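Chemist: Before anything else, here's the structure in question.
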Amino acid sequence: MALKDPLLVDCRELPPPEPMVLVLEALEALPKGKKLLMRHRMRPVHLLPILTTRGFDYAFEIEEADLVELLIWHRDV
């Protein structure tokens, strides 16, 4: 995987709160300049304020009925 490619975290089959826990753990180790792509079956509304508080920005890449893709990166990069 090239450095520019996002780290993929597929949470579509995980029950709550595992998606949030998995993404937050992955973000702790995410190098500056790298992005994380979260795939989920719903909008992770409880995760969004935590991302902001911890210094991450995000953008929704896909928002469909059964698929949400959220791209997350360090704010200061």
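If you're wondering about the labels, chains in the structure tokens are A, B, ... by order shown, residues count from 1 in each chain, ligands from 1 in order shown.
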Residues of chain A classed as alpha helix (DSSP H) by DSSP on the backbone are to be reported as a PyMOL selection string.
Modeler: chain A and resi 18-28+47-53
Chemist: Store the residues of this selection in a file with C-alpha atoms, as a short mmCIF file (atom, residue, chain, number, x, y, z; two decimals), in the first residue's frame.
Modeler:
data_model
loop_
_atom_site.label_atom_id
_atom_site.label_comp_id
_atom_site.auth_asym_id
_atom_site.auth_seq_id
_atom_site.Cartn_x
_atom_site.Cartn_y
_atom_site.Cartn_z
CA GLU A 18 -16.86 -1.89 18.01
CA PRO A 19 -16.73 0.42 14.94
CA MET A 20 -15.94 3.46 17.08
CA VAL A 21 -13.39 1.58 19.17
CA LEU A 22 -11.67 0.13 16.10
CA VAL A 23 -11.45 3.48 14.30
CA LEU A 24 -10.19 5.36 17.37
CA GLU A 25 -7.50 2.72 17.93
CA ALA A 26 -6.43 2.94 14.29
CA LEU A 27 -6.30 6.74 14.47
CA GLU A 28 -3.95 6.60 17.46
CA LEU A 47 -17.78 9.42 16.43
CA LEU A 48 -17.84 12.82 14.68
CA PRO A 49 -17.50 15.10 17.75
CA ILE A 50 -14.71 12.87 19.10
CA LEU A 51 -12.80 13.26 15.83
CA THR A 52 -13.06 17.04 16.05
CA THR A 53 -11.94 17.07 19.69
#
Chemist: Can you pull out the residues contacting stretch 56-66 of chain A? Cut-off 12 Å, using only C-alpha atoms, and skip same-chain residues under 3 positions away; I want them as JSON, numbers by chain.
Modeler: {"A": [11, 12, 13, 24, 27, 28, 30, 32, 33, 34, 35, 36, 37, 38, 39, 40, 41, 42, 43, 44, 45, 47, 48, 49, 50, 51, 52, 53, 69, 70, 71, 72, 73, 74, 75, 76, 77]}
Chemist: Write the residues you've just listed into a file as a short mmCIF file (atom, residue, chain, number, x, y, z; two decimals), in the first residue's frame, and include N, CA, C and O atoms for each of them.
Modeler:
data_model
loop_
_atom_site.label_atom_id
_atom_site.label_comp_id
_atom_site.auth_asym_id
_atom_site.auth_seq_id
_atom_site.Cartn_x
_atom_site.Cartn_y
_atom_site.Cartn_z
N CYS A 11 -16.11 -1.50 8.89
CA CYS A 11 -16.89 -1.75 10.12
C CYS A 11 -18.31 -2.20 9.83
O CYS A 11 -19.13 -2.27 10.74
N ARG A 12 -18.62 -2.50 8.59
CA ARG A 12 -20.01 -2.76 8.21
C ARG A 12 -20.64 -3.94 8.95
O ARG A 12 -21.84 -3.94 9.17
N GLU A 13 -19.86 -4.91 9.35
CA GLU A 13 -20.42 -6.09 9.99
C GLU A 13 -20.27 -6.08 11.51
O GLU A 13 -20.64 -7.05 12.17
N LEU A 24 -10.99 4.54 16.45
CA LEU A 24 -10.19 5.36 17.37
C LEU A 24 -8.83 4.72 17.65
O LEU A 24 -7.82 5.42 17.72
N LEU A 27 -6.71 5.34 14.57
CA LEU A 27 -6.30 6.74 14.47
C LEU A 27 -5.15 7.07 15.41
O LEU A 27 -4.34 7.94 15.11
N GLU A 28 -5.06 6.38 16.53
CA GLU A 28 -3.95 6.60 17.46
C GLU A 28 -2.61 6.30 16.80
O GLU A 28 -1.60 6.93 17.12
N LEU A 30 -2.18 6.33 13.40
CA LEU A 30 -2.17 6.87 12.04
C LEU A 30 -1.07 7.92 11.88
O LEU A 30 -1.07 8.93 12.59
N LYS A 32 1.05 11.07 10.49
CA LYS A 32 0.68 12.36 9.89
C LYS A 32 0.83 12.24 8.38
O LYS A 32 1.76 11.61 7.88
N GLY A 33 -0.10 12.81 7.66
CA GLY A 33 -0.07 12.74 6.20
C GLY A 33 -0.80 11.54 5.63
O GLY A 33 -1.01 11.45 4.43
N LYS A 34 -1.20 10.62 6.47
CA LYS A 34 -1.94 9.42 6.06
C LYS A 34 -3.42 9.64 6.35
O LYS A 34 -3.77 10.38 7.27
N LYS A 35 -4.29 9.01 5.59
CA LYS A 35 -5.73 9.11 5.80
C LYS A 35 -6.30 7.73 6.12
O LYS A 35 -5.73 6.71 5.76
N LEU A 36 -7.42 7.75 6.82
CA LEU A 36 -8.13 6.52 7.16
C LEU A 36 -9.50 6.58 6.50
O LEU A 36 -10.17 7.61 6.56
N LEU A 37 -9.88 5.50 5.86
CA LEU A 37 -11.20 5.40 5.23
C LEU A 37 -12.03 4.40 6.02
O LEU A 37 -11.70 3.21 6.07
N MET A 38 -13.08 4.89 6.65
CA MET A 38 -13.98 4.04 7.43
C MET A 38 -15.19 3.69 6.56
O MET A 38 -15.85 4.58 6.02
N ARG A 39 -15.47 2.41 6.45
CA ARG A 39 -16.70 1.94 5.79
C ARG A 39 -17.64 1.45 6.87
O ARG A 39 -17.26 0.64 7.72
N HIS A 40 -18.87 1.96 6.81
CA HIS A 40 -19.85 1.59 7.83
C HIS A 40 -21.22 1.49 7.16
O HIS A 40 -21.40 1.98 6.05
N ARG A 41 -22.14 0.92 7.85
CA ARG A 41 -23.49 0.78 7.28
C ARG A 41 -24.39 1.95 7.65
O ARG A 41 -25.51 2.05 7.16
N MET A 42 -23.91 2.85 8.52
CA MET A 42 -24.69 4.02 8.92
C MET A 42 -23.76 5.17 9.25
O MET A 42 -22.56 4.98 9.43
N ARG A 43 -24.31 6.36 9.33
CA ARG A 43 -23.53 7.55 9.67
C ARG A 43 -23.07 7.45 11.13
O ARG A 43 -23.90 7.30 12.02
N PRO A 44 -21.77 7.53 11.40
CA PRO A 44 -21.26 7.37 12.77
C PRO A 44 -21.37 8.66 13.58
O PRO A 44 -20.39 9.33 13.89
N VAL A 45 -22.59 9.03 13.94
CA VAL A 45 -22.86 10.34 14.56
C VAL A 45 -22.13 10.54 15.89
O VAL A 45 -21.74 11.66 16.21
N LEU A 47 -19.21 9.33 16.68
CA LEU A 47 -17.78 9.42 16.43
C LEU A 47 -17.36 10.83 16.00
O LEU A 47 -16.27 11.29 16.33
N LEU A 48 -18.20 11.54 15.30
CA LEU A 48 -17.84 12.82 14.68
C LEU A 48 -17.34 13.87 15.68
O LEU A 48 -16.29 14.47 15.46
N PRO A 49 -18.03 14.11 16.80
CA PRO A 49 -17.50 15.10 17.75
C PRO A 49 -16.18 14.67 18.39
O PRO A 49 -15.33 15.51 18.72
N ILE A 50 -15.97 13.37 18.54
CA ILE A 50 -14.71 12.87 19.10
C ILE A 50 -13.56 13.16 18.13
O ILE A 50 -12.48 13.56 18.54
N LEU A 51 -13.82 12.97 16.83
CA LEU A 51 -12.80 13.26 15.83
C LEU A 51 -12.37 14.72 15.90
O LEU A 51 -11.19 15.03 15.90
N THR A 52 -13.34 15.60 15.98
CA THR A 52 -13.06 17.04 16.05
C THR A 52 -12.25 17.37 17.29
O THR A 52 -11.25 18.09 17.23
N THR A 53 -12.64 16.82 18.42
CA THR A 53 -11.94 17.07 19.69
C THR A 53 -10.51 16.57 19.65
O THR A 53 -9.62 17.20 20.22
N GLU A 69 -19.03 5.96 3.66
CA GLU A 69 -17.57 5.99 3.69
C GLU A 69 -17.13 7.35 4.23
O GLU A 69 -17.54 8.39 3.71
N LEU A 70 -16.34 7.30 5.28
CA LEU A 70 -15.88 8.49 5.97
C LEU A 70 -14.36 8.54 5.88
O LEU A 70 -13.68 7.62 6.33
N LEU A 71 -13.83 9.59 5.27
CA LEU A 71 -12.39 9.77 5.15
C LEU A 71 -11.93 10.68 6.29
O LEU A 71 -12.50 11.75 6.51
N ILE A 72 -10.91 10.24 7.04
CA ILE A 72 -10.46 10.94 8.24
C ILE A 72 -8.95 11.21 8.11
O ILE A 72 -8.21 10.34 7.68
N TRP A 73 -8.50 12.41 8.54
CA TRP A 73 -7.08 12.76 8.50
C TRP A 73 -6.77 13.74 9.61
O TRP A 73 -7.66 14.38 10.17
N HIS A 74 -5.47 13.86 9.92
CA HIS A 74 -5.00 14.81 10.94
C HIS A 74 -5.27 16.23 10.44
O HIS A 74 -4.94 16.56 9.31
N ARG A 75 -5.83 17.06 11.29
CA ARG A 75 -6.20 18.42 10.92
C ARG A 75 -4.99 19.27 10.52
O ARG A 75 -5.07 20.06 9.59
N ASP A 76 -3.89 19.11 11.17
CA ASP A 76 -2.75 19.99 10.95
C ASP A 76 -1.85 19.60 9.78
O ASP A 76 -0.75 20.11 9.64
N VAL A 77 -2.32 18.71 8.94
CA VAL A 77 -1.52 18.29 7.79
C VAL A 77 -2.16 18.84 6.53
O VAL A 77 -3.30 18.93 6.37
#
Chemist: I need the residues in chain A that are strand (DSSP E or B) according to DSSP; give them as a PyMOL selection string.
Modeler: chain A and resi 7-10+35-40+56-63+68-74
